[in-house]
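A.B. asks: Following this message is one structure expressed as structure tokens.
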Amino acid sequence: MSREKHQNCHGGCEGRCCLRVEHLTVRLGEDLILDDVGFHLHCGELIALIGPNGAGKSSLFKSILGAIPYQGSITFQSAENGAQKPTIGYVPQSPGFDPDDPVSVLDLFLTATTRYPAFLPVPKKRREKVLEALARVNGESLIDKRVGMLSGGEVQRVLLAMALEPIPNLLILDEPMSGVDVEGEQQLLELLDHIRETYDLSILLSTHDFQTLNRVDKVILLQKRILAQGDTREVLSSPAFRQIFGTEAERGGNV
């Protein structure tokens, strides 16, 4: 059953499915990294986080993941179970693999998601479990491929499959379009649409590729604090966006 999505939380999110970030502030020593950040991410929504390098995007992700200390509150409200700790799937920025590395996708998957030793023969049931996970991203054919021979788009599929095991409430992707060609970007966006509709989960991703923003529900422009948020056209035409990226960025492309 699909959870109820909602666009306006002024009356509260009680009874709805929602991640709420309120008054989030992060400091690193004397440096202010994030300043009073707040937004709501509703179940089934895809929000894109944009901003210049050093704007605090990765720090926001780490705060939600519980990896760094912060002030403020981050809460998840389930329509079925009320306030709870969400299951979060995380896709980091695409790592670089050595082309000569003998590790296969199967080896990588088992090492990252289980305690099964990579040097032992893989039982049939474990292999079938990995195939099931890869099937969620149409990546079954990659199971025996060496990770060093994967394209940028294939790496993202494998990382995404790992983040979906088990199925999370919230999926966070840090620069998923980095190192992916134009065709791969469109395939990845179509895949994310399919995943959020199939599993009714929320997606928060960061990107420098503004051509992808026509596929998201909401855009947040971050530079230590939220400078603009709303639909794509609203944010890309805002004075804050023009000030940071210039008018040329509105036409799309990587910045």
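In the structure tokens, the first chain shown is A, the next is B, and so on; residue numbers restart at 1 for each chain, and ligands run from 1 in the order shown.
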Could you make a table, as JSON lines, of the residues of range 142-223 of chain A that have an atom within 12 Å of an atom of range 25-43 of chain A, each with its nearest atom pair and distance in Å to one decimal, counting only C-alpha atoms, in chain and number order?
C.D. replies:
```
{"residue": "A:Pro168", "atom": "CA", "partner": "A:Cys43", "partner_atom": "CA", "distance": 11.3}
{"residue": "A:Asn169", "atom": "CA", "partner": "A:Cys43", "partner_atom": "CA", "distance": 8.0}
{"residue": "A:Leu170", "atom": "CA", "partner": "A:Cys43", "partner_atom": "CA", "distance": 8.2}
{"residue": "A:Leu171", "atom": "CA", "partner": "A:Cys43", "partner_atom": "CA", "distance": 10.7}
{"residue": "A:Ile172", "atom": "CA", "partner": "A:Leu41", "partner_atom": "CA", "distance": 11.6}
{"residue": "A:Arg196", "atom": "CA", "partner": "A:Cys43", "partner_atom": "CA", "distance": 8.7}
{"residue": "A:Glu197", "atom": "CA", "partner": "A:Cys43", "partner_atom": "CA", "distance": 10.0}
{"residue": "A:Tyr199", "atom": "CA", "partner": "A:Cys43", "partner_atom": "CA", "distance": 10.0}
{"residue": "A:Asp200", "atom": "CA", "partner": "A:Cys43", "partner_atom": "CA", "distance": 6.5}
{"residue": "A:Leu201", "atom": "CA", "partner": "A:Cys43", "partner_atom": "CA", "distance": 5.5}
{"residue": "A:Ser202", "atom": "CA", "partner": "A:Cys43", "partner_atom": "CA", "distance": 4.8}
{"residue": "A:Ile203", "atom": "CA", "partner": "A:Leu41", "partner_atom": "CA", "distance": 8.2}
{"residue": "A:Leu204", "atom": "CA", "partner": "A:Leu41", "partner_atom": "CA", "distance": 8.0}
{"residue": "A:Leu205", "atom": "CA", "partner": "A:Leu41", "partner_atom": "CA", "distance": 11.5}
{"residue": "A:Asp217", "atom": "CA", "partner": "A:Leu41", "partner_atom": "CA", "distance": 10.1}
{"residue": "A:Lys218", "atom": "CA", "partner": "A:Leu41", "partner_atom": "CA", "distance": 9.2}
{"residue": "A:Val219", "atom": "CA", "partner": "A:Phe39", "partner_atom": "CA", "distance": 10.8}
{"residue": "A:Ile220", "atom": "CA", "partner": "A:Phe39", "partner_atom": "CA", "distance": 8.8}
{"residue": "A:Leu221", "atom": "CA", "partner": "A:Val37", "partner_atom": "CA", "distance": 11.0}
{"residue": "A:Leu222", "atom": "CA", "partner": "A:Val37", "partner_atom": "CA", "distance": 8.8}
{"residue": "A:Gln223", "atom": "CA", "partner": "A:Leu34", "partner_atom": "CA", "distance": 8.0}
```
A.B. asks: Could those selected residues go to a file with C-alpha atoms, as a PDB file, in the first residue's frame?
C.D. replies:
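Dumped everything to part.pdb:
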```pdb
ATOM      1  CA  PRO A 168      15.416   1.315   3.396  1.00  0.00           C
ATOM      2  CA  ASN A 169      12.931   4.012   4.339  1.00  0.00           C
ATOM      3  CA  LEU A 170      15.334   6.650   3.061  1.00  0.00           C
ATOM      4  CA  LEU A 171      17.892   6.454   0.260  1.00  0.00           C
ATOM      5  CA  ILE A 172      20.762   8.996   0.232  1.00  0.00           C
ATOM      6  CA  ARG A 196      10.782   4.907  -5.201  1.00  0.00           C
ATOM      7  CA  GLU A 197       7.464   3.929  -6.777  1.00  0.00           C
ATOM      8  CA  TYR A 199       9.268   0.464  -2.593  1.00  0.00           C
ATOM      9  CA  ASP A 200       7.623   3.763  -1.577  1.00  0.00           C
ATOM     10  CA  LEU A 201      10.830   5.162  -0.154  1.00  0.00           C
ATOM     11  CA  SER A 202      12.216   8.696  -0.001  1.00  0.00           C
ATOM     12  CA  ILE A 203      15.308   9.762  -1.957  1.00  0.00           C
ATOM     13  CA  LEU A 204      17.706  12.581  -1.145  1.00  0.00           C
ATOM     14  CA  LEU A 205      20.558  13.145  -3.587  1.00  0.00           C
ATOM     15  CA  ASP A 217      10.034  16.755  -6.889  1.00  0.00           C
ATOM     16  CA  LYS A 218      11.911  19.455  -5.042  1.00  0.00           C
ATOM     17  CA  VAL A 219      15.258  21.264  -5.113  1.00  0.00           C
ATOM     18  CA  ILE A 220      17.145  22.650  -2.109  1.00  0.00           C
ATOM     19  CA  LEU A 221      19.904  25.217  -2.670  1.00  0.00           C
ATOM     20  CA  LEU A 222      22.371  24.973   0.186  1.00  0.00           C
ATOM     21  CA  GLN A 223      25.329  27.135   1.154  1.00  0.00           C
TER      22      GLN A 223
END
```
A.B. asks: For range 142-150 of chain A, please output as a list in words all residues within 7 Å (counting only C-alpha atoms; exclusion window: fewer than 3 positions along the same chain).
C.D. replies: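 Everything that qualifies: Phe97, Asp98, Pro99, Asp100, Asp101, Pro102, Val103, Ser104, Val105, Leu106, Gly139, Glu154 and Val155 of chain A.
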A.B. asks: Any chance you can output those residues with all heavy atoms as an mmCIF file, in the first residue's frame?
C.D. replies:
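To be explicit, this is the file written out as again.cif:
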```cif
data_model
loop_
_atom_site.group_PDB
_atom_site.id
_atom_site.type_symbol
_atom_site.label_atom_id
_atom_site.label_comp_id
_atom_site.auth_asym_id
_atom_site.auth_seq_id
_atom_site.Cartn_x
_atom_site.Cartn_y
_atom_site.Cartn_z
ATOM 1 N N PHE A 97 38.170 2.101 -8.781
ATOM 2 C CA PHE A 97 38.645 0.731 -8.637
ATOM 3 C C PHE A 97 39.816 0.506 -9.590
ATOM 4 O O PHE A 97 39.825 1.006 -10.715
ATOM 5 C CB PHE A 97 37.527 -0.275 -8.951
ATOM 6 C CG PHE A 97 36.390 -0.257 -7.970
ATOM 7 C CD1 PHE A 97 35.139 0.237 -8.330
ATOM 8 C CD2 PHE A 97 36.552 -0.745 -6.687
ATOM 9 C CE1 PHE A 97 34.082 0.238 -7.429
ATOM 10 C CE2 PHE A 97 35.504 -0.748 -5.775
ATOM 11 C CZ PHE A 97 34.267 -0.255 -6.150
ATOM 12 N N ASP A 98 40.781 -0.265 -9.137
ATOM 13 C CA ASP A 98 41.936 -0.620 -9.954
ATOM 14 C C ASP A 98 41.487 -1.587 -11.059
ATOM 15 O O ASP A 98 40.887 -2.625 -10.755
ATOM 16 C CB ASP A 98 42.996 -1.287 -9.075
ATOM 17 C CG ASP A 98 44.307 -1.539 -9.802
ATOM 18 O OD1 ASP A 98 44.295 -1.592 -11.042
ATOM 19 O OD2 ASP A 98 45.336 -1.692 -9.116
ATOM 20 N N PRO A 99 41.763 -1.260 -12.333
ATOM 21 C CA PRO A 99 41.358 -2.164 -13.425
ATOM 22 C C PRO A 99 41.923 -3.570 -13.284
ATOM 23 O O PRO A 99 41.346 -4.526 -13.810
ATOM 24 C CB PRO A 99 41.908 -1.471 -14.675
ATOM 25 C CG PRO A 99 42.018 -0.033 -14.288
ATOM 26 C CD PRO A 99 42.383 -0.033 -12.829
ATOM 27 N N ASP A 100 43.037 -3.714 -12.576
ATOM 28 C CA ASP A 100 43.654 -5.027 -12.399
ATOM 29 C C ASP A 100 43.164 -5.770 -11.155
ATOM 30 O O ASP A 100 43.614 -6.881 -10.867
ATOM 31 C CB ASP A 100 45.182 -4.888 -12.323
ATOM 32 C CG ASP A 100 45.771 -4.353 -13.615
ATOM 33 O OD1 ASP A 100 45.245 -4.707 -14.687
ATOM 34 O OD2 ASP A 100 46.737 -3.574 -13.561
ATOM 35 N N ASP A 101 42.268 -5.134 -10.407
ATOM 36 C CA ASP A 101 41.747 -5.756 -9.190
ATOM 37 C C ASP A 101 40.917 -6.982 -9.561
ATOM 38 O O ASP A 101 39.971 -6.879 -10.350
ATOM 39 C CB ASP A 101 40.889 -4.733 -8.437
ATOM 40 C CG ASP A 101 40.631 -5.133 -6.996
ATOM 41 O OD1 ASP A 101 40.535 -6.346 -6.732
ATOM 42 O OD2 ASP A 101 40.527 -4.233 -6.147
ATOM 43 N N PRO A 102 41.229 -8.141 -8.998
ATOM 44 C CA PRO A 102 40.482 -9.363 -9.347
ATOM 45 C C PRO A 102 39.126 -9.488 -8.658
ATOM 46 O O PRO A 102 38.378 -10.423 -8.924
ATOM 47 C CB PRO A 102 41.427 -10.473 -8.889
ATOM 48 C CG PRO A 102 42.154 -9.882 -7.721
ATOM 49 C CD PRO A 102 42.346 -8.423 -8.071
ATOM 50 N N VAL A 103 38.789 -8.554 -7.763
ATOM 51 C CA VAL A 103 37.532 -8.643 -7.011
ATOM 52 C C VAL A 103 36.342 -8.507 -7.958
ATOM 53 O O VAL A 103 36.280 -7.596 -8.783
ATOM 54 C CB VAL A 103 37.479 -7.546 -5.931
ATOM 55 C CG1 VAL A 103 36.119 -7.535 -5.241
ATOM 56 C CG2 VAL A 103 38.582 -7.758 -4.909
ATOM 57 N N SER A 104 35.395 -9.419 -7.827
ATOM 58 C CA SER A 104 34.183 -9.377 -8.646
ATOM 59 C C SER A 104 33.075 -8.624 -7.916
ATOM 60 O O SER A 104 33.177 -8.324 -6.712
ATOM 61 C CB SER A 104 33.708 -10.793 -8.956
ATOM 62 O OG SER A 104 33.213 -11.421 -7.771
ATOM 63 N N VAL A 105 32.015 -8.326 -8.646
ATOM 64 C CA VAL A 105 30.849 -7.694 -8.031
ATOM 65 C C VAL A 105 30.291 -8.587 -6.929
ATOM 66 O O VAL A 105 29.902 -8.106 -5.862
ATOM 67 C CB VAL A 105 29.777 -7.388 -9.106
ATOM 68 C CG1 VAL A 105 28.460 -6.991 -8.444
ATOM 69 C CG2 VAL A 105 30.262 -6.296 -10.043
ATOM 70 N N LEU A 106 30.267 -9.872 -7.157
ATOM 71 C CA LEU A 106 29.795 -10.804 -6.136
ATOM 72 C C LEU A 106 30.652 -10.715 -4.880
ATOM 73 O O LEU A 106 30.116 -10.652 -3.754
ATOM 74 C CB LEU A 106 29.827 -12.236 -6.680
ATOM 75 C CG LEU A 106 29.452 -13.360 -5.716
ATOM 76 C CD1 LEU A 106 28.024 -13.190 -5.212
ATOM 77 C CD2 LEU A 106 29.624 -14.722 -6.384
ATOM 78 N N GLY A 139 20.736 -5.319 -12.739
ATOM 79 C CA GLY A 139 22.171 -5.523 -12.815
ATOM 80 C C GLY A 139 22.613 -6.957 -12.643
ATOM 81 O O GLY A 139 23.776 -7.206 -12.298
ATOM 82 N N GLU A 154 27.586 1.446 -14.340
ATOM 83 C CA GLU A 154 27.497 0.117 -13.730
ATOM 84 C C GLU A 154 27.921 0.151 -12.269
ATOM 85 O O GLU A 154 27.329 -0.532 -11.427
ATOM 86 C CB GLU A 154 28.372 -0.857 -14.529
ATOM 87 C CG GLU A 154 27.802 -1.200 -15.893
ATOM 88 C CD GLU A 154 28.759 -2.023 -16.742
ATOM 89 O OE1 GLU A 154 29.989 -1.986 -16.471
ATOM 90 O OE2 GLU A 154 28.279 -2.680 -17.686
ATOM 91 N N VAL A 155 28.939 0.956 -11.952
ATOM 92 C CA VAL A 155 29.351 1.114 -10.548
ATOM 93 C C VAL A 155 28.185 1.640 -9.726
ATOM 94 O O VAL A 155 27.903 1.148 -8.617
ATOM 95 C CB VAL A 155 30.564 2.050 -10.428
ATOM 96 C CG1 VAL A 155 30.817 2.412 -8.966
ATOM 97 C CG2 VAL A 155 31.811 1.415 -11.023
#
```
A.B. asks: Running DSSP on the backbone, which parts of range 106-249 of chain A land in strand (DSSP E), as a PyMOL selection string?
C.D. replies: chain A and resi 170-174+202-206+218-223+225-230
A.B. asks: Generate the output file for the selected residues, N, CA, C and O atoms, as a tab-separated table (two decimals), in the first residue's frame.
C.D. replies:
```
chain	number	residue	atom	x	y	z
A	170	LEU	N	14.72	5.47	3.66
A	170	LEU	CA	15.33	6.65	3.06
A	170	LEU	C	16.59	6.23	2.31
A	170	LEU	O	17.41	5.47	2.82
A	171	LEU	N	16.72	6.74	1.09
A	171	LEU	CA	17.89	6.45	0.26
A	171	LEU	C	18.64	7.77	0.02
A	171	LEU	O	18.06	8.73	-0.49
A	172	ILE	N	19.92	7.81	0.40
A	172	ILE	CA	20.76	9.00	0.23
A	172	ILE	C	21.85	8.69	-0.80
A	172	ILE	O	22.55	7.68	-0.68
A	173	LEU	N	21.97	9.56	-1.80
A	173	LEU	CA	22.98	9.37	-2.84
A	173	LEU	C	23.83	10.63	-2.96
A	173	LEU	O	23.30	11.73	-3.20
A	174	ASP	N	25.14	10.47	-2.78
A	174	ASP	CA	26.08	11.58	-2.83
A	174	ASP	C	26.71	11.65	-4.22
A	174	ASP	O	27.52	10.82	-4.59
A	202	SER	N	11.82	7.33	0.29
A	202	SER	CA	12.22	8.70	0.00
A	202	SER	C	13.65	8.71	-0.51
A	202	SER	O	14.47	7.88	-0.11
A	203	ILE	N	13.96	9.65	-1.40
A	203	ILE	CA	15.31	9.76	-1.96
A	203	ILE	C	15.81	11.19	-1.81
A	203	ILE	O	15.13	12.15	-2.16
A	204	LEU	N	17.03	11.30	-1.26
A	204	LEU	CA	17.71	12.58	-1.15
A	204	LEU	C	19.05	12.44	-1.84
A	204	LEU	O	19.86	11.58	-1.45
A	205	LEU	N	19.30	13.24	-2.87
A	205	LEU	CA	20.56	13.14	-3.59
A	205	LEU	C	21.17	14.52	-3.79
A	205	LEU	O	20.47	15.53	-3.79
A	206	SER	N	22.49	14.56	-3.93
A	206	SER	CA	23.18	15.79	-4.26
A	206	SER	C	23.68	15.69	-5.69
A	206	SER	O	23.99	14.61	-6.19
A	218	LYS	N	11.57	18.23	-5.77
A	218	LYS	CA	11.91	19.46	-5.04
A	218	LYS	C	13.42	19.65	-5.10
A	218	LYS	O	14.18	18.69	-5.14
A	219	VAL	N	13.84	20.92	-5.11
A	219	VAL	CA	15.26	21.26	-5.11
A	219	VAL	C	15.56	22.13	-3.89
A	219	VAL	O	14.77	23.01	-3.54
A	220	ILE	N	16.69	21.84	-3.23
A	220	ILE	CA	17.14	22.65	-2.11
A	220	ILE	C	18.51	23.23	-2.47
A	220	ILE	O	19.44	22.48	-2.79
A	221	LEU	N	18.63	24.54	-2.43
A	221	LEU	CA	19.90	25.22	-2.67
A	221	LEU	C	20.54	25.50	-1.31
A	221	LEU	O	19.99	26.24	-0.49
A	222	LEU	N	21.70	24.90	-1.10
A	222	LEU	CA	22.37	24.97	0.19
A	222	LEU	C	23.72	25.66	0.06
A	222	LEU	O	24.50	25.37	-0.84
A	223	GLN	N	23.99	26.58	0.96
A	223	GLN	CA	25.33	27.14	1.15
A	223	GLN	C	25.45	27.48	2.64
A	223	GLN	O	25.21	28.60	3.06
A	225	ARG	N	23.51	27.35	4.83
A	225	ARG	CA	22.10	27.43	5.19
A	225	ARG	C	21.28	27.29	3.92
A	225	ARG	O	21.82	27.40	2.81
A	226	ILE	N	20.01	27.04	4.05
A	226	ILE	CA	19.16	26.90	2.87
A	226	ILE	C	18.85	28.29	2.31
A	226	ILE	O	18.25	29.13	3.00
A	227	LEU	N	19.26	28.53	1.06
A	227	LEU	CA	19.04	29.82	0.41
A	227	LEU	C	17.76	29.84	-0.41
A	227	LEU	O	17.17	30.90	-0.62
A	228	ALA	N	17.34	28.66	-0.89
A	228	ALA	CA	16.10	28.56	-1.66
A	228	ALA	C	15.67	27.10	-1.68
A	228	ALA	O	16.51	26.20	-1.68
A	229	GLN	N	14.37	26.87	-1.71
A	229	GLN	CA	13.84	25.52	-1.87
A	229	GLN	C	12.47	25.60	-2.50
A	229	GLN	O	11.73	26.56	-2.30
A	230	GLY	N	12.15	24.61	-3.28
A	230	GLY	CA	10.89	24.59	-4.00
A	230	GLY	C	11.02	23.74	-5.24
A	230	GLY	O	11.92	22.91	-5.35
```
A.B. asks: So, with only C-alpha atoms as the atoms that count, which of A:Ser237, A:Thr212, A:Thr207, A:Thr198 lies closest to Gly44 in chain A?
C.D. replies: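 Of all the options, A:Thr198 lies closest to Gly44 in chain A.
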A.B. asks: Report the residues of range 17-242 of chain A whose backbone DSSP state falls under alpha helix (DSSP H), written as a PyMOL selection string.
C.D. replies: chain A and resi 57-65+105-113+124-135+152-163+182-199+232-236+239-242
A.B. asks: With only C-alpha atoms as the counted atoms, please give the residues lying no more than 10 Å from Ile68 in chain A, apart from itself and same-chain residues fewer than 2 positions off, as a list in words.
C.D. replies: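 Surrounding residues, per the criterion: Val26, Arg27, Leu28, Ser59, Leu60, Phe61, Lys62, Ser63, Ile64, Leu65, Gly66 and Tyr70 of chain A.
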A.B. asks: Export N, CA and C atoms of the chosen residues as a tab-separated table (two decimals), in the first residue's frame?
C.D. replies:
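This is the output file again29.tsv:
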```
chain	number	residue	atom	x	y	z
A	26	VAL	N	25.73	22.47	12.41
A	26	VAL	CA	26.94	21.65	12.53
A	26	VAL	C	28.15	22.56	12.60
A	27	ARG	N	29.00	22.31	13.59
A	27	ARG	CA	30.25	23.06	13.73
A	27	ARG	C	31.42	22.09	13.73
A	28	LEU	N	32.50	22.51	13.09
A	28	LEU	CA	33.75	21.78	13.12
A	28	LEU	C	34.80	22.70	13.72
A	59	SER	N	28.09	17.11	4.75
A	59	SER	CA	27.89	17.21	6.20
A	59	SER	C	26.42	16.99	6.57
A	60	LEU	N	25.52	17.47	5.71
A	60	LEU	CA	24.10	17.23	5.94
A	60	LEU	C	23.80	15.74	5.85
A	61	PHE	N	24.36	15.08	4.86
A	61	PHE	CA	24.16	13.64	4.74
A	61	PHE	C	24.71	12.91	5.97
A	62	LYS	N	25.91	13.29	6.39
A	62	LYS	CA	26.54	12.62	7.54
A	62	LYS	C	25.72	12.85	8.81
A	63	SER	N	25.10	14.01	8.92
A	63	SER	CA	24.25	14.28	10.08
A	63	SER	C	23.04	13.35	10.10
A	64	ILE	N	22.40	13.19	8.94
A	64	ILE	CA	21.24	12.30	8.85
A	64	ILE	C	21.64	10.86	9.13
A	65	LEU	N	22.84	10.49	8.69
A	65	LEU	CA	23.34	9.13	8.91
A	65	LEU	C	23.81	8.91	10.34
A	66	GLY	N	23.91	10.00	11.13
A	66	GLY	CA	24.38	9.88	12.50
A	66	GLY	C	25.88	9.74	12.62
A	70	TYR	N	25.70	17.04	15.85
A	70	TYR	CA	24.97	18.21	15.36
A	70	TYR	C	24.05	18.73	16.45
```
A.B. asks: If you measure from CA of Val180 in chain A to CA of Asn214 in chain A, what distance in Å do you get, rounded to one decimal?
C.D. replies: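 Interatomic distance here is 17.5 Å.
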A.B. asks: At a cut-off of 6 Å, using only C-alpha atoms, what residues contact range 116-131 of chain A? Leave out same-chain residues fewer than 3 positions from it and give the result as JSON, numbers by chain.
C.D. replies: {"A": [107, 134, 135, 140]}
A.B. asks: Atoms to include: N, CA, C and O atoms. Write the selected residues as an mmCIF file, in the first residue's frame.
C.D. replies:
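Everything below was put into out18.cif:
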```cif
data_model
loop_
_atom_site.group_PDB
_atom_site.id
_atom_site.type_symbol
_atom_site.label_atom_id
_atom_site.label_comp_id
_atom_site.auth_asym_id
_atom_site.auth_seq_id
_atom_site.Cartn_x
_atom_site.Cartn_y
_atom_site.Cartn_z
ATOM 1 N N ASP A 107 31.970 -10.692 -5.041
ATOM 2 C CA ASP A 107 32.873 -10.566 -3.896
ATOM 3 C C ASP A 107 32.615 -9.271 -3.134
ATOM 4 O O ASP A 107 32.532 -9.258 -1.901
ATOM 5 N N LEU A 134 20.695 -7.496 -7.097
ATOM 6 C CA LEU A 134 21.101 -6.854 -8.346
ATOM 7 C C LEU A 134 19.922 -6.706 -9.309
ATOM 8 O O LEU A 134 19.877 -5.765 -10.116
ATOM 9 N N ALA A 135 18.955 -7.625 -9.212
ATOM 10 C CA ALA A 135 17.780 -7.555 -10.076
ATOM 11 C C ALA A 135 16.967 -6.285 -9.816
ATOM 12 O O ALA A 135 16.282 -5.787 -10.716
ATOM 13 N N GLU A 140 21.736 -7.924 -12.908
ATOM 14 C CA GLU A 140 22.098 -9.327 -12.706
ATOM 15 C C GLU A 140 23.314 -9.732 -13.526
ATOM 16 O O GLU A 140 24.139 -10.536 -13.089
#
```
A.B. asks: Hey, what's within 9 Å of Glu183 in chain A if we count only C-alpha atoms and toss same-chain stuff fewer than 4 positions away? As a PyMOL selection string, please?
C.D. replies: chain A and resi 153+187-188
A.B. asks: Quick one, how far is CA of Ala67 in chain A from CA of Leu164 in chain A?
C.D. replies: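 Straight-line distance from CA of Ala67 in chain A to CA of Leu164 in chain A works out to 19.4 Å.
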A.B. asks: Please provide the set of residues having any atom within 10 Å of Lys85 in chain A, restricted to only C-alpha atoms, with same-chain residues fewer than 6 positions apart removed, written as a count of residues only.
C.D. replies: 6
A.B. asks: What separation in Å, quoted to one decimal, exists between CA of Gln156 in chain A and CA of Cys18 in chain A?
C.D. replies: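 It comes out at 26.0 Å.
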